[in-house]
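Source file: coords.csv. Holds: CSV, C-alpha atoms.
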chain,number,residue,atom,x,y,z
G,1,MET,CA,-55.0,94.9,-52.9
G,2,THR,CA,-54.3,93.6,-49.4
G,3,TYR,CA,-53.9,90.3,-47.7
G,4,ARG,CA,-57.5,90.6,-46.6
G,5,ASP,CA,-58.4,89.8,-50.2
G,6,VAL,CA,-57.1,86.2,-49.7
G,7,ALA,CA,-58.4,85.7,-46.2
G,8,SER,CA,-61.1,83.0,-46.6
G,9,LYS,CA,-62.0,79.6,-45.2
G,10,GLN,CA,-61.0,77.8,-48.4
G,11,VAL,CA,-57.6,79.5,-48.6
G,12,LEU,CA,-57.0,78.4,-45.0
G,13,ILE,CA,-57.9,74.8,-45.9
G,14,TRP,CA,-55.6,75.0,-48.9
G,15,ALA,CA,-52.8,76.3,-46.7
G,16,CYS,CA,-53.1,73.4,-44.3
G,17,THR,CA,-53.3,70.9,-47.2
G,18,ALA,CA,-50.3,72.4,-49.0
G,19,VAL,CA,-48.1,72.5,-45.9
G,20,ALA,CA,-48.9,68.8,-45.1
G,21,SER,CA,-48.1,67.8,-48.7
G,22,ARG,CA,-44.9,69.8,-49.2
G,23,MET,CA,-43.3,69.3,-45.8
G,24,PRO,CA,-42.3,65.7,-46.9
G,25,VAL,CA,-40.7,67.2,-50.0
G,26,ALA,CA,-38.5,69.5,-47.9
G,27,MET,CA,-37.6,66.7,-45.5
G,28,ALA,CA,-36.8,64.0,-48.0
G,29,PRO,CA,-33.1,64.7,-49.1
G,30,LEU,CA,-31.7,65.1,-45.6
G,31,ALA,CA,-33.9,62.3,-44.2
G,32,LEU,CA,-32.5,59.9,-46.8
G,33,VAL,CA,-28.9,60.8,-45.7
G,34,PHE,CA,-29.8,60.2,-42.1
G,35,LEU,CA,-31.6,56.9,-43.0
G,36,VAL,CA,-28.4,55.1,-44.2
G,37,ARG,CA,-25.5,57.1,-42.7
G,38,GLU,CA,-24.6,54.4,-40.2
G,39,ARG,CA,-24.2,51.8,-43.0
G,40,PRO,CA,-20.8,51.3,-44.6
G,41,GLY,CA,-20.3,54.1,-47.1
G,42,GLY,CA,-23.5,55.5,-45.7
G,43,TYR,CA,-23.0,59.1,-46.8
G,44,THR,CA,-22.3,58.1,-50.4
G,45,LEU,CA,-25.4,55.9,-50.4
G,46,GLY,CA,-27.5,58.7,-48.8
G,47,ALA,CA,-26.3,61.1,-51.6
G,48,ALA,CA,-27.3,58.5,-54.2
G,49,LEU,CA,-30.8,58.0,-52.7
G,50,ALA,CA,-31.3,61.8,-52.6
G,51,ALA,CA,-30.2,61.9,-56.2
G,52,ALA,CA,-32.8,59.2,-57.1
G,53,TYR,CA,-35.4,61.2,-55.3
G,54,VAL,CA,-34.6,64.4,-57.2
G,55,LEU,CA,-34.4,62.5,-60.5
G,56,GLY,CA,-37.9,61.3,-59.8
G,57,GLU,CA,-39.1,64.9,-59.3
G,58,ILE,CA,-37.4,66.1,-62.4
G,59,LEU,CA,-38.9,63.4,-64.6
G,60,GLY,CA,-42.3,63.2,-62.8
G,61,ALA,CA,-43.1,66.9,-62.9
G,62,PRO,CA,-43.4,67.4,-66.6
G,63,VAL,CA,-44.8,64.0,-67.4
G,64,LEU,CA,-47.6,64.1,-64.8
G,65,GLY,CA,-48.1,67.8,-65.1
G,66,MET,CA,-49.1,67.4,-68.8
G,67,ARG,CA,-51.8,65.0,-67.7
G,68,LEU,CA,-53.4,67.3,-65.1
G,69,ASP,CA,-57.0,68.0,-65.9
G,70,PRO,CA,-57.8,71.7,-65.0
G,71,ALA,CA,-61.5,70.9,-64.5
G,72,ARG,CA,-61.0,67.7,-62.4
G,73,GLY,CA,-57.5,67.9,-61.1
G,74,ARG,CA,-58.4,66.7,-57.6
G,75,ARG,CA,-58.2,63.0,-58.7
G,76,HIS,CA,-54.7,63.4,-60.2
G,77,LEU,CA,-53.4,65.3,-57.1
G,78,ALA,CA,-54.8,62.6,-54.8
G,79,LEU,CA,-53.3,59.8,-56.8
G,80,GLY,CA,-49.9,61.5,-56.9
G,81,LEU,CA,-50.0,62.1,-53.1
G,82,ALA,CA,-51.0,58.4,-52.6
G,83,GLY,CA,-48.0,57.3,-54.7
G,84,GLY,CA,-45.7,59.5,-52.7
G,85,THR,CA,-47.1,58.1,-49.5
G,86,VAL,CA,-46.3,54.6,-50.6
G,87,GLY,CA,-42.7,55.6,-51.5
G,88,PHE,CA,-42.1,57.2,-48.0
G,89,VAL,CA,-43.7,54.2,-46.2
G,90,GLY,CA,-41.4,51.9,-48.1
G,91,LEU,CA,-38.3,53.9,-47.2
G,92,GLY,CA,-39.3,54.1,-43.5
G,93,ALA,CA,-40.5,50.5,-43.1
G,94,LEU,CA,-37.8,48.8,-45.1
G,95,ALA,CA,-34.8,51.0,-43.9
G,96,GLY,CA,-32.5,48.0,-44.0
G,97,ALA,CA,-33.4,46.8,-47.5
G,98,HIS,CA,-31.0,46.5,-50.4
G,99,PRO,CA,-29.9,49.9,-51.8
G,100,VAL,CA,-31.7,49.2,-55.1
G,101,VAL,CA,-35.0,48.7,-53.3
G,102,LEU,CA,-34.5,51.9,-51.4
G,103,GLY,CA,-33.6,53.7,-54.6
G,104,ALA,CA,-36.8,52.6,-56.2
G,105,PHE,CA,-38.9,53.8,-53.3
G,106,ALA,CA,-37.0,57.1,-53.3
G,107,PHE,CA,-37.6,57.6,-57.0
G,108,LEU,CA,-41.4,56.8,-56.4
G,109,ALA,CA,-41.5,59.2,-53.5
G,110,GLY,CA,-40.1,62.0,-55.7
G,111,ALA,CA,-41.9,61.2,-59.0
G,112,ALA,CA,-45.5,60.5,-57.9
G,113,PRO,CA,-46.3,63.8,-56.2
G,114,ALA,CA,-44.0,65.9,-58.5
G,115,ALA,CA,-46.9,67.7,-60.2
G,116,VAL,CA,-48.9,68.3,-57.0
G,117,ALA,CA,-47.2,71.7,-56.3
G,118,GLY,CA,-48.1,73.0,-59.7
G,119,GLY,CA,-51.7,71.9,-59.4
G,120,GLN,CA,-52.0,73.3,-55.9
G,121,ARG,CA,-50.7,76.7,-57.1
G,122,ALA,CA,-53.2,76.8,-59.9
G,123,LEU,CA,-55.9,75.8,-57.4
G,124,LEU,CA,-54.9,78.6,-55.0
G,125,THR,CA,-55.1,81.3,-57.7
G,126,SER,CA,-58.5,80.1,-58.7
G,127,LEU,CA,-59.7,80.6,-55.1
G,128,VAL,CA,-59.1,84.3,-55.1
G,129,SER,CA,-60.0,87.2,-57.4
G,130,GLU,CA,-57.7,88.1,-60.3
G,131,ARG,CA,-56.5,91.3,-58.5
G,132,ALA,CA,-55.4,89.3,-55.4
G,133,VAL,CA,-53.3,86.7,-57.3
G,134,ALA,CA,-50.0,88.4,-56.4
G,135,GLN,CA,-51.0,88.3,-52.7
G,136,ALA,CA,-52.0,84.7,-52.9
G,137,LEU,CA,-48.6,83.7,-54.4
G,138,SER,CA,-46.9,85.7,-51.7
G,139,VAL,CA,-48.9,83.8,-49.1
G,140,GLU,CA,-47.7,80.5,-50.7
G,141,SER,CA,-44.1,81.7,-50.7
G,142,MET,CA,-44.3,82.6,-47.0
G,143,LEU,CA,-45.7,79.2,-46.1
G,144,MET,CA,-43.1,77.4,-48.1
G,145,SER,CA,-40.3,79.5,-46.6
G,146,GLY,CA,-41.5,78.4,-43.2
G,147,VAL,CA,-41.7,74.7,-44.3
G,148,TRP,CA,-38.1,74.8,-45.6
G,149,ALA,CA,-36.9,76.6,-42.4
G,150,VAL,CA,-38.5,74.0,-40.1
G,151,SER,CA,-37.8,70.8,-42.1
G,152,PRO,CA,-34.1,70.4,-41.5
G,153,VAL,CA,-34.4,70.9,-37.8
G,154,ALA,CA,-37.3,68.4,-37.6
G,155,VAL,CA,-35.4,65.8,-39.6
G,156,ALA,CA,-32.2,66.1,-37.6
G,157,GLY,CA,-34.0,66.1,-34.2
G,158,LEU,CA,-36.1,63.1,-35.0
G,159,ALA,CA,-33.4,61.1,-36.7
G,160,LEU,CA,-30.8,61.6,-34.0
G,161,GLY,CA,-33.2,61.7,-31.0
G,162,VAL,CA,-35.7,58.9,-31.9
G,163,ALA,CA,-34.7,56.8,-34.9
G,164,PRO,CA,-33.4,57.4,-38.5
G,165,ARG,CA,-36.5,56.0,-40.1
G,166,VAL,CA,-38.9,58.3,-38.1
G,167,PRO,CA,-38.6,61.4,-40.4
G,168,LEU,CA,-39.6,59.3,-43.4
G,169,LEU,CA,-42.5,57.7,-41.7
G,170,LEU,CA,-43.6,61.2,-40.5
G,171,ALA,CA,-43.4,62.3,-44.1
G,172,ALA,CA,-45.6,59.5,-45.2
G,173,VAL,CA,-48.2,60.4,-42.5
G,174,LEU,CA,-48.2,64.1,-43.6
G,175,MET,CA,-48.6,63.3,-47.2
G,176,ALA,CA,-51.4,60.8,-46.5
G,177,VAL,CA,-53.2,63.4,-44.3
G,178,SER,CA,-53.1,66.0,-47.1
G,179,ILE,CA,-55.2,63.8,-49.4
G,180,PRO,CA,-58.6,64.3,-47.8
G,181,GLY,CA,-58.0,68.0,-47.6
G,182,HIS,CA,-58.5,68.2,-51.3
G,183,TRP,CA,-62.1,67.0,-51.0
G,184,LEU,CA,-62.8,70.2,-49.0
G,185,LEU,CA,-61.7,72.3,-52.0
G,186,PRO,CA,-63.0,72.6,-55.5
G,187,ALA,CA,-62.5,69.6,-57.8
G,188,GLY,CA,-60.4,71.7,-60.3
G,189,TRP,CA,-59.1,75.2,-61.1
G,190,ALA,CA,-60.8,75.9,-64.4
G,191,LYS,CA,-64.6,76.6,-64.6
G,192,GLY,CA,-64.9,76.6,-68.3
G,193,GLU,CA,-64.1,74.0,-70.9
G,194,GLN,CA,-60.4,73.7,-71.8
G,195,ASP,CA,-59.7,75.4,-75.1
G,196,GLU,CA,-59.6,72.7,-77.8
G,197,GLU,CA,-56.7,74.3,-79.7
G,198,ALA,CA,-54.7,74.8,-76.5
G,199,GLY,CA,-55.4,71.1,-75.7
G,200,ARG,CA,-54.2,69.9,-79.0
G,201,THR,CA,-51.0,72.0,-78.9
G,202,LYS,CA,-50.3,71.9,-75.2
G,203,THR,CA,-46.7,70.9,-75.6
G,204,ARG,CA,-46.0,73.7,-78.1
G,205,VAL,CA,-47.7,76.2,-75.8
G,206,LEU,CA,-45.6,75.1,-72.8
G,207,ILE,CA,-42.4,75.2,-74.8
G,208,ARG,CA,-43.1,78.8,-75.8
G,209,ALA,CA,-42.8,79.8,-72.2
G,210,TRP,CA,-39.2,78.6,-71.9
G,211,PRO,CA,-37.8,82.0,-71.0
G,212,VAL,CA,-39.8,82.0,-67.8
G,213,TYR,CA,-38.5,78.5,-66.8
G,214,VAL,CA,-34.9,79.6,-67.5
G,215,THR,CA,-35.1,82.7,-65.3
G,216,GLY,CA,-37.0,80.9,-62.6
G,217,ALA,CA,-34.5,78.1,-62.5
G,218,ALA,CA,-31.6,80.6,-62.5
G,219,SER,CA,-32.6,82.1,-59.1
G,220,LEU,CA,-32.8,78.7,-57.4
G,221,THR,CA,-29.5,77.7,-59.1
G,222,LEU,CA,-27.7,80.7,-57.6
G,223,LEU,CA,-28.9,80.3,-54.1
G,224,GLY,CA,-28.5,76.5,-54.4
G,225,LEU,CA,-24.9,77.0,-55.2
G,226,ALA,CA,-24.5,79.4,-52.2
G,227,GLU,CA,-26.1,76.9,-49.9
G,228,LEU,CA,-24.0,74.0,-51.1
G,229,THR,CA,-20.7,75.9,-50.9
G,230,LEU,CA,-21.5,77.8,-47.7
G,231,PRO,CA,-19.8,75.3,-45.3
G,232,ALA,CA,-16.6,75.4,-47.5
G,233,LEU,CA,-16.8,79.2,-47.7
G,234,LEU,CA,-17.0,79.5,-43.9
G,235,GLU,CA,-14.1,77.2,-43.5
G,236,GLN,CA,-12.2,79.4,-46.0
G,237,ARG,CA,-12.9,82.4,-43.9
G,238,GLY,CA,-11.9,80.7,-40.7
G,239,ILE,CA,-15.5,80.7,-39.4
G,240,GLY,CA,-17.0,77.7,-37.6
G,241,VAL,CA,-18.9,75.4,-40.1
G,242,GLY,CA,-21.6,75.0,-37.5
G,243,TRP,CA,-22.8,78.6,-38.4
G,244,SER,CA,-24.0,77.4,-41.8
G,245,GLY,CA,-27.3,76.0,-40.3
G,246,PRO,CA,-28.3,79.3,-38.6
G,247,MET,CA,-27.3,81.3,-41.7
G,248,LEU,CA,-29.4,79.1,-44.0
G,249,ALA,CA,-32.3,79.4,-41.6
G,250,GLY,CA,-31.9,83.1,-41.7
G,251,MET,CA,-32.0,83.0,-45.5
G,252,ALA,CA,-35.3,81.1,-45.3
G,253,VAL,CA,-36.7,83.7,-42.9
G,254,GLY,CA,-35.6,86.4,-45.2
G,255,ALA,CA,-37.4,84.7,-48.1
G,256,GLY,CA,-40.6,84.7,-46.1
G,257,LEU,CA,-40.2,88.4,-45.2
G,258,GLY,CA,-39.6,89.2,-48.9
G,259,ALA,CA,-42.7,87.4,-49.9
G,260,PHE,CA,-44.7,89.3,-47.4
G,261,LEU,CA,-43.3,92.7,-48.6
G,262,TYR,CA,-43.9,91.8,-52.2
G,263,GLY,CA,-47.6,91.2,-51.6
G,264,MET,CA,-48.1,94.4,-49.7
G,265,ARG,CA,-48.4,96.6,-52.8
G,266,SER,CA,-48.3,96.6,-56.6
G,267,TRP,CA,-45.0,97.2,-58.2
G,268,PRO,CA,-44.1,99.3,-61.3
G,269,GLY,CA,-42.7,98.0,-64.6
G,270,ARG,CA,-43.2,95.1,-66.8
G,271,LEU,CA,-42.8,91.7,-65.2
G,272,ARG,CA,-39.8,90.7,-67.2
G,273,THR,CA,-38.1,94.0,-66.3
G,274,ARG,CA,-38.9,93.6,-62.7
G,275,SER,CA,-37.6,90.1,-62.7
G,276,VAL,CA,-34.2,91.2,-64.2
G,277,VAL,CA,-33.9,93.9,-61.6
G,278,LEU,CA,-34.5,91.5,-58.8
G,279,MET,CA,-32.2,88.9,-60.2
G,280,CYS,CA,-29.4,91.5,-60.5
G,281,VAL,CA,-29.9,92.7,-56.9
G,282,MET,CA,-29.9,89.1,-55.7
G,283,SER,CA,-26.7,88.5,-57.5
G,284,VAL,CA,-25.1,91.5,-55.8
G,285,PHE,CA,-26.0,90.2,-52.4
G,286,VAL,CA,-24.7,86.7,-53.2
G,287,THR,CA,-21.5,88.3,-54.5
G,288,LEU,CA,-21.1,90.2,-51.2
G,289,ALA,CA,-21.6,87.0,-49.3
G,290,ALA,CA,-18.7,85.5,-51.2
G,291,LEU,CA,-16.4,88.4,-50.7
G,292,ILE,CA,-17.2,89.6,-47.1
G,293,PRO,CA,-14.7,88.1,-44.6
G,294,GLY,CA,-16.9,88.3,-41.4
G,295,ALA,CA,-19.6,86.0,-40.3
G,296,ALA,CA,-22.1,88.8,-39.6
G,297,GLY,CA,-21.7,90.3,-43.0
G,298,ILE,CA,-22.1,86.9,-44.7
G,299,ALA,CA,-25.3,86.2,-42.7
G,300,VAL,CA,-26.8,89.6,-43.5
G,301,ALA,CA,-26.0,89.2,-47.2
G,302,LEU,CA,-27.6,85.8,-47.4
G,303,VAL,CA,-30.7,87.1,-45.6
G,304,LEU,CA,-31.0,89.9,-48.1
G,305,ALA,CA,-30.4,87.5,-51.0
G,306,GLY,CA,-33.3,85.3,-49.8
G,307,THR,CA,-35.5,88.3,-49.3
G,308,VAL,CA,-35.0,89.4,-53.0
G,309,GLN,CA,-35.2,85.8,-54.3
G,310,SER,CA,-38.8,85.3,-53.1
G,311,GLY,CA,-39.9,88.4,-55.0
G,312,ALA,CA,-38.1,87.1,-58.1
G,313,LEU,CA,-39.9,83.7,-57.9
G,314,ILE,CA,-43.3,85.4,-57.4
G,315,THR,CA,-42.6,87.5,-60.4
G,316,ARG,CA,-41.8,84.4,-62.4
G,317,ASN,CA,-45.1,82.8,-61.4
G,318,LEU,CA,-47.0,85.9,-62.5
G,319,SER,CA,-45.1,85.9,-65.8
G,320,LEU,CA,-46.1,82.3,-66.4
G,321,ARG,CA,-49.8,83.3,-65.9
G,322,GLU,CA,-49.3,85.9,-68.6
G,323,ALA,CA,-47.6,83.5,-71.0
G,324,LEU,CA,-49.9,80.5,-70.7
G,325,PRO,CA,-53.7,80.0,-71.1
G,326,PRO,CA,-55.5,78.9,-68.0
G,327,GLY,CA,-56.0,75.3,-69.2
G,328,VAL,CA,-52.2,74.5,-69.2
G,329,LEU,CA,-51.1,76.7,-66.3
G,330,ALA,CA,-50.8,73.9,-63.8
G,331,ALA,CA,-48.6,72.0,-66.3
G,332,GLY,CA,-46.5,75.1,-66.7
G,333,TYR,CA,-46.0,75.4,-63.0
G,334,ALA,CA,-44.9,71.7,-63.0
G,335,MET,CA,-42.5,72.4,-65.9
G,336,MET,CA,-40.9,75.2,-63.9
G,337,TYR,CA,-40.7,72.9,-60.9
G,338,ALA,CA,-38.8,70.4,-63.0
G,339,ALA,CA,-36.6,73.1,-64.5
G,340,ALA,CA,-35.7,74.3,-61.0
G,341,GLY,CA,-35.0,70.7,-59.9
G,342,ALA,CA,-32.7,70.2,-62.8
G,343,GLY,CA,-31.0,73.4,-62.2
G,344,TYR,CA,-30.4,72.5,-58.5
G,345,ALA,CA,-29.1,69.1,-59.5
G,346,ALA,CA,-26.7,70.7,-62.0
G,347,THR,CA,-25.7,73.1,-59.3
G,348,GLY,CA,-24.6,70.2,-57.0
G,349,SER,CA,-22.4,68.8,-59.8
G,350,LEU,CA,-21.0,72.3,-60.6
G,351,ALA,CA,-20.2,73.0,-57.0
G,352,GLY,CA,-18.5,69.6,-56.5
G,353,GLY,CA,-16.4,70.2,-59.6
G,354,LEU,CA,-15.5,73.8,-58.9
G,355,LEU,CA,-14.5,73.2,-55.3
G,356,GLN,CA,-11.9,70.7,-56.5
G,357,VAL,CA,-10.0,73.4,-58.5
G,358,VAL,CA,-11.0,76.8,-57.1
G,359,ALA,CA,-11.7,78.5,-53.7
G,360,PRO,CA,-15.3,78.4,-52.5
G,361,SER,CA,-15.6,82.2,-52.9
G,362,THR,CA,-14.6,81.8,-56.6
G,363,ALA,CA,-17.0,79.0,-57.1
G,364,ILE,CA,-19.9,81.3,-55.9
G,365,LEU,CA,-18.7,84.1,-58.2
G,366,ALA,CA,-18.7,81.7,-61.1
G,367,GLY,CA,-22.3,80.8,-60.2
G,368,VAL,CA,-23.2,84.5,-60.2
G,369,VAL,CA,-21.9,84.8,-63.7
G,370,VAL,CA,-23.9,81.8,-64.9
G,371,THR,CA,-27.0,83.2,-63.3
G,372,LEU,CA,-26.6,86.6,-65.0
G,373,LEU,CA,-26.1,84.9,-68.3
G,374,LEU,CA,-29.3,82.8,-67.8
G,375,THR,CA,-31.2,85.9,-66.7
G,376,ALA,CA,-30.1,87.7,-69.8
G,377,LEU,CA,-31.2,84.8,-72.0
G,378,GLY,CA,-34.6,84.6,-70.3
G,379,TRP,CA,-35.1,88.4,-70.7
G,380,TRP,CA,-34.2,88.2,-74.4
G,381,GLY,CA,-36.6,85.2,-74.9
G,382,GLU,CA,-39.5,87.0,-73.2
G,383,ALA,CA,-38.9,90.2,-75.2
G,384,ARG,CA,-38.7,88.3,-78.5
G,385,ARG,CA,-41.9,86.4,-77.7
G,386,ASP,CA,-43.7,89.6,-76.8
G,387,ARG,CA,-42.6,91.3,-80.0
G,388,SER,CA,-43.8,88.3,-82.0
G,389,SER,CA,-47.2,88.4,-80.2
G,390,ALA,CA,-47.6,92.1,-80.7
G,391,ALA,CA,-46.8,91.7,-84.4
G,392,GLY,CA,-49.3,88.9,-84.7
G,393,ASP,CA,-52.0,91.0,-83.0
G,394,LEU,CA,-51.2,93.9,-85.3
G,395,ASP,CA,-51.6,91.7,-88.4
G,396,VAL,CA,-54.9,90.4,-87.2
G,397,GLY,CA,-56.1,94.0,-86.5
G,398,VAL,CA,-55.1,95.1,-90.1
G,399,VAL,CA,-56.9,92.2,-91.6
G,400,ARG,CA,-60.0,92.8,-89.6
G,401,GLY,CA,-59.9,96.5,-90.4
G,402,ALA,CA,-59.6,95.8,-94.1
G,403,GLU,CA,-62.3,93.1,-94.3
G,404,GLY,CA,-64.7,94.3,-91.6
G,405,ALA,CA,-67.8,96.2,-92.7
G,406,PRO,CA,-68.1,99.8,-91.5
G,407,VAL,CA,-70.3,100.3,-88.4
G,408,ALA,CA,-71.6,103.2,-86.5
G,409,GLY,CA,-68.7,105.2,-85.0
G,410,GLY,CA,-66.1,103.8,-87.5
G,411,CYS,CA,-64.6,100.5,-88.5
G,412,ASP,CA,-62.6,98.2,-86.2
G,413,ALA,CA,-59.3,99.6,-87.4
G,414,GLU,CA,-60.4,103.1,-86.2
G,415,ARG,CA,-61.4,101.7,-82.8
G,416,SER,CA,-57.9,100.3,-82.4
G,417,LEU,CA,-56.4,103.7,-82.7
Before we go any further, please render this structure as C-alpha cells.
Amino acid sequence: MTYRDVASKQVLIWACTAVASRMPVAMAPLALVFLVRERPGGYTLGAALAAAYVLGEILGAPVLGMRLDPARGRRHLALGLAGGTVGFVGLGALAGAHPVVLGAFAFLAGAAPAAVAGGQRALLTSLVSERAVAQALSVESMLMSGVWAVSPVAVAGLALGVAPRVPLLLAAVLMAVSIPGHWLLPAGWAKGEQDEEAGRTKTRVLIRAWPVYVTGAASLTLLGLAELTLPALLEQRGIGVGWSGPMLAGMAVGAGLGAFLYGMRSWPGRLRTRSVVLMCVMSVFVTLAALIPGAAGIAVALVLAGTVQSGALITRNLSLREALPPGVLAAGYAMMYAAAGAGYAATGSLAGGLLQVVAPSTAILAGVVVTLLLTALGWWGEARRDRSSAAGDLDVGVVRGAEGAPVAGGCDAERSL
C-alpha cells in the first residue's frame, strides 16, 4: 500500500473539486468578522454571523446527509453547493444590509453545502481499491490541512488589501466552480442497490455509530480549545500575541505531515485502540503547550499535537467505515461533521466561560480532561458494540450449525471452528 495506489486522473479531479468546494468553508468565519468589523459593534456582529454560519453547518449536515443517495449523490452535492454559492453571493453583494439579512445568508451558506464533505469523502473512497482507502483518506487530510493553513492568510490579505467583501465573493466563485467538477466524476459512490433493511433503519444504524462521533469530535474540541485560548496563553506567558498566527499555521502544517506519515504504512492494533493511543498522545502535547513557558516550546508542542491529531481523525474515518454499511456511509460522515461542529461551538462557549475565572493554561488543562473523558466514553461504546455484534454472530452460527444439514467435510458449525 503506497500513495501510488491513489494516483489517478479521477482522484486528481476529485482533489481539485474538493479544494474548491471546501476553501470557502475554511474562509467563512474569519471573512464574516472582516465583513462587518468597521460597523458599530462590528466584532460582536461578526461573531454572531459566524455563529449563524456554524449553526447552519450543524443543522444542515445531519438533515441533508440523511437524504444523500449513494447511487446518484452528484445531484444532491451540486444542489448543496449551489445553495452555498447563493449564500456567499448574498453576503458579498449585500455587505451593508440589515444584520438579520446577513444572518440569513450566513445560515444558508453554512447549511446548504454542509453534507458535501461527507459525500465527497465517500466518493473518494469509491475511486480507489479497498486496500488504498487509508492512503486516500490521508491525501484528503493533507489537502484540507493546506486549505486551512492558506485560508486565514488569504482572507486577511484580501479583506485588508482590497475590500472586506472580496473574500466572500471569492468564496462564492470557488464554490460555483466546484459544481461542474462533479460531472467529471461518477454519479455516486455505491455501485449496487442500497440494502433495503439499511434504508428502512438508516437512523438507527447511524445512531449505533455514536462512539465514533464522540471520539472524532473530542479531538477537534481539544485543538479548538487550544486555538481559541492561544492568544490569551501567549499573553499569560509574556509572549507577543502576534505569534499565535504562525503557531497555528505550524499546527496545520504538522497536521498535513501527520496525514502523510499515517498513509505511508499500515499500523498495528484495532482501530479503537489505535484511536485511544493517538488521542492520549495528542493530549500530552496539548498539556505541554499549556505548561511550557517559552514560545519555541509551545510552537513545537502544537505542531506535534497537530501531527498526531490528523492520524486520530483518519482512524475515526476508518472506524466509521467499519461501523456503517456502504449505503449510509456518506450520511455517517455528515453526522461526524455535525458532531465536530457542535463540539467546536461548545468549545468556544467553554473557552469564553473558563477564561473569565481561570488562567488560560488552566482552561486548556480542563479541556484535556474533558477530551480524555470523551475518549474513554467513545472507547467503551465501541467495545460494547463490538461485543454485542460478536455475540449476535455467535448466536447466528449456533443456530445455523444446529439447523443446517450435514455436508461433505462437516456441518457449518464445524467450519466455524
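All residues of protein, DNA or RNA that reach within 10 Å of Ala301 of chain G, judged by only C-alpha atoms and not counting those fewer than 6 positions away in the chain, are Met247, Met251, Met282, Val284, Phe285, Val286, Thr287, Leu288, Ala289, Ala290, Ile292, Ala295 and Thr307 of chain G.
Of the listed residues (G:Ser145, G:Ser275, G:Ser129, G:Ser178), G:Ser178 comes nearest to Ile13 of chain G; the distances count only C-alpha atoms.
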Inset, instruction - Could you tell me which of G:Leu160, G:Val214, G:Leu49, G:Val173 comes closest to Trp380 of chain G if we count all atoms listed in the file? - result: G:Val214
Need to verify the contact set: Tyr333 of chain G, 12 Å, all atoms listed in the file, exclusion of same-chain residues closer than 6 positions in sequence. Can you return it as a PDB file with C-alpha atoms, in the frame of the given file?
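The resulting out.pdb:
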ATOM      1  CA  ALA G  61     -43.100  66.900 -62.900  1.00  0.00           C
ATOM      2  CA  PRO G  62     -43.400  67.400 -66.600  1.00  0.00           C
ATOM      3  CA  LEU G  64     -47.600  64.100 -64.800  1.00  0.00           C
ATOM      4  CA  GLY G  65     -48.100  67.800 -65.100  1.00  0.00           C
ATOM      5  CA  MET G  66     -49.100  67.400 -68.800  1.00  0.00           C
ATOM      6  CA  LEU G  68     -53.400  67.300 -65.100  1.00  0.00           C
ATOM      7  CA  ALA G 114     -44.000  65.900 -58.500  1.00  0.00           C
ATOM      8  CA  ALA G 115     -46.900  67.700 -60.200  1.00  0.00           C
ATOM      9  CA  VAL G 116     -48.900  68.300 -57.000  1.00  0.00           C
ATOM     10  CA  ALA G 117     -47.200  71.700 -56.300  1.00  0.00           C
ATOM     11  CA  GLY G 118     -48.100  73.000 -59.700  1.00  0.00           C
ATOM     12  CA  GLY G 119     -51.700  71.900 -59.400  1.00  0.00           C
ATOM     13  CA  GLN G 120     -52.000  73.300 -55.900  1.00  0.00           C
ATOM     14  CA  ARG G 121     -50.700  76.700 -57.100  1.00  0.00           C
ATOM     15  CA  ALA G 122     -53.200  76.800 -59.900  1.00  0.00           C
ATOM     16  CA  LEU G 123     -55.900  75.800 -57.400  1.00  0.00           C
ATOM     17  CA  LEU G 206     -45.600  75.100 -72.800  1.00  0.00           C
ATOM     18  CA  ALA G 209     -42.800  79.800 -72.200  1.00  0.00           C
ATOM     19  CA  TRP G 210     -39.200  78.600 -71.900  1.00  0.00           C
ATOM     20  CA  VAL G 212     -39.800  82.000 -67.800  1.00  0.00           C
ATOM     21  CA  TYR G 213     -38.500  78.500 -66.800  1.00  0.00           C
ATOM     22  CA  GLY G 216     -37.000  80.900 -62.600  1.00  0.00           C
ATOM     23  CA  ALA G 217     -34.500  78.100 -62.500  1.00  0.00           C
ATOM     24  CA  LEU G 313     -39.900  83.700 -57.900  1.00  0.00           C
ATOM     25  CA  ILE G 314     -43.300  85.400 -57.400  1.00  0.00           C
ATOM     26  CA  ARG G 316     -41.800  84.400 -62.400  1.00  0.00           C
ATOM     27  CA  ASN G 317     -45.100  82.800 -61.400  1.00  0.00           C
ATOM     28  CA  LEU G 318     -47.000  85.900 -62.500  1.00  0.00           C
ATOM     29  CA  SER G 319     -45.100  85.900 -65.800  1.00  0.00           C
ATOM     30  CA  LEU G 320     -46.100  82.300 -66.400  1.00  0.00           C
ATOM     31  CA  ARG G 321     -49.800  83.300 -65.900  1.00  0.00           C
ATOM     32  CA  ALA G 323     -47.600  83.500 -71.000  1.00  0.00           C
ATOM     33  CA  LEU G 324     -49.900  80.500 -70.700  1.00  0.00           C
ATOM     34  CA  PRO G 326     -55.500  78.900 -68.000  1.00  0.00           C
ATOM     35  CA  GLY G 327     -56.000  75.300 -69.200  1.00  0.00           C
ATOM     36  CA  ALA G 339     -36.600  73.100 -64.500  1.00  0.00           C
ATOM     37  CA  ALA G 340     -35.700  74.300 -61.000  1.00  0.00           C
TER      38      ALA G 340
END
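Minimum distance to Pro24 of chain G across G:Leu377, G:Ala106, G:Ile207, G:Ala366 (counting all atoms listed in the file) occurs at G:Ala106.
Using all atoms listed in the file, the nearest neighbour of Ala383 of chain G within the list G:Ala331, G:Thr17, G:Val155, G:Leu271 is G:Leu271.
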Tell me, as a short mmCIF file (atom, residue, chain, number, x, y, z; two decimals) with C-alpha atoms, in the frame of the given file, which residues lie within 10 Å of segment 374-376 of chain G, counting all atoms listed in the file; anything in the same chain fewer than 3 positions away does not count.
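The resulting file, selection.cif, is shown below:
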data_model
loop_
_atom_site.label_atom_id
_atom_site.label_comp_id
_atom_site.auth_asym_id
_atom_site.auth_seq_id
_atom_site.Cartn_x
_atom_site.Cartn_y
_atom_site.Cartn_z
CA PRO G 211 -37.80 82.00 -71.00
CA VAL G 212 -39.80 82.00 -67.80
CA VAL G 214 -34.90 79.60 -67.50
CA THR G 215 -35.10 82.70 -65.30
CA GLY G 216 -37.00 80.90 -62.60
CA ALA G 217 -34.50 78.10 -62.50
CA ALA G 218 -31.60 80.60 -62.50
CA SER G 219 -32.60 82.10 -59.10
CA ARG G 272 -39.80 90.70 -67.20
CA SER G 275 -37.60 90.10 -62.70
CA VAL G 276 -34.20 91.20 -64.20
CA VAL G 277 -33.90 93.90 -61.60
CA MET G 279 -32.20 88.90 -60.20
CA CYS G 280 -29.40 91.50 -60.50
CA VAL G 368 -23.20 84.50 -60.20
CA VAL G 369 -21.90 84.80 -63.70
CA VAL G 370 -23.90 81.80 -64.90
CA THR G 371 -27.00 83.20 -63.30
CA TRP G 379 -35.10 88.40 -70.70
CA TRP G 380 -34.20 88.20 -74.40
CA GLY G 381 -36.60 85.20 -74.90
#
